[in-house]
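Okay, run28.tsv now, which holds TSV, C-alpha atoms:
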chain	number	residue	atom	x	y	z
A	139	MET	CA	0.00	0.00	0.00
A	140	ALA	CA	1.37	3.42	-0.96
A	141	GLU	CA	1.86	5.98	1.80
A	142	ALA	CA	-0.93	8.54	2.10
A	143	SER	CA	-0.05	12.10	1.16
A	144	LEU	CA	-0.88	13.73	4.55
A	145	PRO	CA	0.59	17.14	3.66
A	146	ALA	CA	-0.32	18.78	6.99
A	147	ILE	CA	1.52	16.15	9.02
A	148	ARG	CA	4.44	15.75	6.62
A	149	SER	CA	5.14	19.49	6.73
A	150	LEU	CA	5.79	19.44	10.50
A	151	PRO	CA	9.46	19.58	11.49
A	152	SER	CA	8.73	17.20	14.37
A	153	TRP	CA	7.33	14.60	11.97
A	154	LEU	CA	10.28	14.94	9.61
A	155	LEU	CA	12.78	14.74	12.48
A	156	GLY	CA	11.00	11.66	13.79
A	157	ARG	CA	11.20	9.98	10.39
A	158	ALA	CA	14.87	10.88	9.99
A	159	ALA	CA	15.60	9.65	13.53
A	160	ALA	CA	13.78	6.37	12.89
A	161	ARG	CA	15.76	5.86	9.68
A	162	GLY	CA	19.01	6.69	11.45
A	163	ARG	CA	18.24	4.35	14.37
A	164	ALA	CA	17.42	1.54	11.95
A	165	LEU	CA	20.66	2.04	10.01
A	166	VAL	CA	22.76	2.11	13.18
A	167	ALA	CA	20.88	-0.80	14.78
A	168	ASP	CA	21.50	-2.93	11.69
A	169	ALA	CA	25.19	-1.98	11.64
A	170	LEU	CA	25.58	-2.79	15.35
A	171	ALA	CA	23.66	-6.05	14.99
A	172	ALA	CA	26.23	-7.15	12.41
A	173	GLU	CA	28.79	-6.80	15.23
A	174	GLY	CA	26.51	-8.65	17.66
A	175	LEU	CA	25.52	-5.61	19.70
A	176	ARG	CA	22.25	-3.78	20.37
A	177	MET	CA	21.88	0.00	20.54
A	178	TRP	CA	21.69	0.37	24.34
A	179	HIS	CA	24.57	-2.06	24.77
A	180	HIS	CA	26.64	0.17	22.49
A	181	VAL	CA	25.64	3.29	24.42
A	182	VAL	CA	26.57	1.71	27.75
A	183	LEU	CA	29.80	0.24	26.40
A	184	SER	CA	30.82	3.64	25.03
A	185	ALA	CA	29.94	5.38	28.31
A	186	VAL	CA	31.93	2.82	30.30
A	187	ARG	CA	34.95	3.53	28.09
A	188	ASP	CA	34.57	7.28	28.58
A	189	LEU	CA	33.86	7.22	32.33
A	190	ALA	CA	35.66	4.13	33.66
A	191	PRO	CA	35.99	3.12	36.29
A	192	VAL	CA	32.39	4.20	36.87
A	193	ALA	CA	29.84	3.21	39.48
A	194	GLN	CA	26.76	1.52	38.03
A	195	ALA	CA	24.46	4.24	39.41
A	196	ASP	CA	26.60	7.00	37.91
A	197	LEU	CA	26.67	5.13	34.61
A	198	GLY	CA	22.87	4.92	34.56
A	199	ARG	CA	22.54	8.64	35.25
A	200	ALA	CA	25.11	9.47	32.56
A	201	VAL	CA	23.12	7.66	29.85
A	202	SER	CA	19.65	8.42	31.32
A	203	LEU	CA	18.80	4.76	31.84
A	204	ASP	CA	16.79	3.18	34.64
A	205	PRO	CA	19.01	1.34	37.16
A	206	LYS	CA	17.23	-1.98	36.49
A	207	ASP	CA	17.96	-1.63	32.78
A	208	VAL	CA	21.60	-0.75	33.47
A	209	VAL	CA	22.00	-3.92	35.53
A	210	GLY	CA	20.51	-6.07	32.74
A	211	ILE	CA	22.69	-4.51	30.08
A	212	LEU	CA	25.80	-4.81	32.25
A	213	ASN	CA	24.93	-8.46	32.92
A	214	ASP	CA	24.82	-9.04	29.16
A	215	LEU	CA	28.07	-7.15	28.57
A	216	GLN	CA	29.85	-8.89	31.43
A	217	SER	CA	28.69	-12.34	30.34
A	218	GLY	CA	30.10	-11.50	26.89
A	219	GLY	CA	33.45	-10.59	28.46
A	220	LEU	CA	33.11	-6.95	27.42
A	221	VAL	CA	33.07	-5.25	30.84
A	222	ASP	CA	34.30	-6.03	34.33
A	223	ARG	CA	32.54	-5.13	37.57
A	224	ALA	CA	34.53	-4.91	40.76
A	225	PRO	CA	34.11	-3.16	44.10
A	226	ASP	CA	34.63	0.58	43.66
A	227	PRO	CA	37.91	1.53	45.34
A	228	ARG	CA	36.33	4.83	46.46
A	229	ASP	CA	33.23	3.14	47.96
A	230	ARG	CA	33.31	-0.64	48.45
A	231	ARG	CA	29.49	-0.72	48.66
A	232	LYS	CA	29.32	0.13	44.95
A	233	ASN	CA	30.43	-1.69	41.84
A	234	ALA	CA	32.82	0.06	39.47
A	235	VAL	CA	32.54	-0.90	35.82
A	236	SER	CA	35.40	-0.87	33.34
A	237	LEU	CA	35.97	-2.06	29.79
A	238	THR	CA	37.84	-5.26	29.01
A	239	GLU	CA	40.26	-5.54	26.10
A	240	ASP	CA	37.59	-7.49	24.17
A	241	GLY	CA	35.09	-4.75	24.97
A	242	ALA	CA	37.48	-2.08	23.72
A	243	ARG	CA	38.10	-3.95	20.46
A	244	LEU	CA	34.36	-4.48	19.89
A	245	LEU	CA	33.64	-0.84	20.67
A	246	VAL	CA	36.15	0.30	18.02
A	247	ARG	CA	34.40	-1.89	15.42
A	248	CYS	CA	30.95	-0.69	16.52
A	249	GLU	CA	31.95	2.96	16.42
A	250	LYS	CA	33.21	2.48	12.87
A	251	ALA	CA	29.96	0.71	11.91
A	252	ALA	CA	27.86	3.47	13.52
A	253	ARG	CA	29.86	6.19	11.72
A	254	GLU	CA	29.34	4.40	8.40
A	255	ALA	CA	25.60	4.09	9.10
A	256	ASN	CA	25.41	7.79	9.90
A	257	ASP	CA	27.35	8.57	6.74
A	258	ALA	CA	24.72	6.62	4.81
A	259	LEU	CA	21.97	8.59	6.55
A	260	LEU	CA	23.58	11.90	5.62
A	261	ALA	CA	24.74	10.83	2.14
A	262	PRO	CA	22.28	13.17	0.35
A	263	LEU	CA	23.99	16.18	1.96
A	264	THR	CA	27.20	17.89	0.91
A	265	PRO	CA	29.95	18.17	3.55
A	266	ALA	CA	28.99	21.80	4.19
A	267	GLU	CA	25.33	20.86	4.51
A	268	ARG	CA	26.22	18.08	6.96
A	269	GLU	CA	28.16	20.52	9.12
A	270	ARG	CA	25.30	23.03	9.12
A	271	PHE	CA	22.71	20.29	9.71
A	272	MET	CA	24.63	18.98	12.73
A	273	ALA	CA	24.96	22.50	14.15
A	274	LEU	CA	21.23	23.08	13.74
A	275	LEU	CA	20.33	19.69	15.25
A	276	THR	CA	22.56	20.43	18.21
A	277	ARG	CA	20.83	23.77	18.78
A	278	ILE	CA	17.27	22.47	18.55
A	279	SER	CA	18.01	19.35	20.58
A	280	GLY	CA	19.15	21.45	23.54
A	281	THR	CA	22.47	19.63	23.74
A	282	ASP	CA	24.70	22.54	22.75
A	283	GLY	CA	26.10	23.36	26.10
Target encoding structure tokens, full file:
Amino acid sequence: MAEASLPAIRSLPSWLLGRAAARGRALVADALAAEGLRMWHHVVLSAVRDLAPVAQADLGRAVSLDPKDVVGILNDLQSGGLVDRAPDPRDRRKNAVSLTEDGARLLVRCEKAAREANDALLAPLTPAERERFMALLTRISGTDG
């Protein structure tokens, strides 16, 4: 079935951004799946690399994820040998999470795959348009500072 015209809806920036975001998520999810990783696992793995050693609670806050979800994702990543959890040297009541060598290698491959997926998403734009688009997205997303 062909998509309906729906000009009023399709002229809304929020609708267009939603469609572009859905396409981008699908491209990245497919690229990560080829490496055996899901989106949230990639986010958490990347945050662990950037923040390690990091307490689980701090990790959850950093990526805006519910603590129960963080535990599940970390369980998956730890069972895959991608992260280690050990008592936090600053507070033995907490677990500190860090990346393993296997996790670091997988993260490098996943970051490359995600960049390539994003390049595919932005392929219709010239380099100058990409730069301007990213600046505008940053401003309207509220993440510019």
One number please: CA of Pro262 in chain A to CA of Pro151 in chain A, in Å, one decimal.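 CA of Pro151 in chain A lies at a distance of 18.2 Å from CA of Pro262 in chain A.
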Neighbours of range 173-180 of chain A within 12 Å (only C-alpha atoms; same-chain residues fewer than 6 positions away dropped), as a compact mmCIF listing (two decimals) with C-alpha atoms, in the frame of the given file?
# COMPACT_ATOMS: atom_id res chain seq x y z
CA GLY A 162 19.01 6.69 11.45
CA ARG A 163 18.24 4.35 14.37
CA ALA A 164 17.42 1.54 11.95
CA LEU A 165 20.66 2.04 10.01
CA VAL A 166 22.76 2.11 13.18
CA ALA A 167 20.88 -0.80 14.78
CA VAL A 186 31.93 2.82 30.30
CA ARG A 187 34.95 3.53 28.09
CA GLY A 198 22.87 4.92 34.56
CA VAL A 201 23.12 7.66 29.85
CA SER A 202 19.65 8.42 31.32
CA LEU A 203 18.80 4.76 31.84
CA ASP A 204 16.79 3.18 34.64
CA ASP A 207 17.96 -1.63 32.78
CA VAL A 208 21.60 -0.75 33.47
CA VAL A 209 22.00 -3.92 35.53
CA GLY A 210 20.51 -6.07 32.74
CA ILE A 211 22.69 -4.51 30.08
CA LEU A 212 25.80 -4.81 32.25
CA ASN A 213 24.93 -8.46 32.92
CA ASP A 214 24.82 -9.04 29.16
CA LEU A 215 28.07 -7.15 28.57
CA GLN A 216 29.85 -8.89 31.43
CA GLY A 218 30.10 -11.50 26.89
CA LEU A 220 33.11 -6.95 27.42
CA VAL A 221 33.07 -5.25 30.84
CA GLY A 241 35.09 -4.75 24.97
CA ALA A 242 37.48 -2.08 23.72
CA ARG A 243 38.10 -3.95 20.46
CA LEU A 244 34.36 -4.48 19.89
CA LEU A 245 33.64 -0.84 20.67
CA VAL A 246 36.15 0.30 18.02
CA ARG A 247 34.40 -1.89 15.42
CA CYS A 248 30.95 -0.69 16.52
CA GLU A 249 31.95 2.96 16.42
CA LYS A 250 33.21 2.48 12.87
CA ALA A 251 29.96 0.71 11.91
CA ALA A 252 27.86 3.47 13.52
Considering only C-alpha atoms, can you say which of A:Asn256, A:Ser236, A:Ser143, A:Ser279 comes closest to Asp188 in chain A?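 Closest to Asp188 in chain A, using only C-alpha atoms: A:Ser236.
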Report, in Å with one decimal, the straight-line distance from CA of Val192 in chain A to CA of Leu237 in chain A.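 Between these atoms lies a distance of 10.1 Å.
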Using all atoms listed in the file, the shortest atom-to-atom distance to Pro225 in chain A among A:Arg199, A:Ser149, A:Ala193, A:Glu254 belongs to A:Ala193
Go ahead and compute the interatomic distance for CA of Arg253 in chain A and CA of Ile278 in chain A, in Å to one decimal. 21.7 Å
Report as an MDAnalysis selection string all protein, DNA and RNA residues lying within 10 Å of Ala224 in chain A, evaluated on all atoms listed in the file, omitting residues in the same chain fewer than 6 positions from it. chainID A and resid 191 193 230 232:236
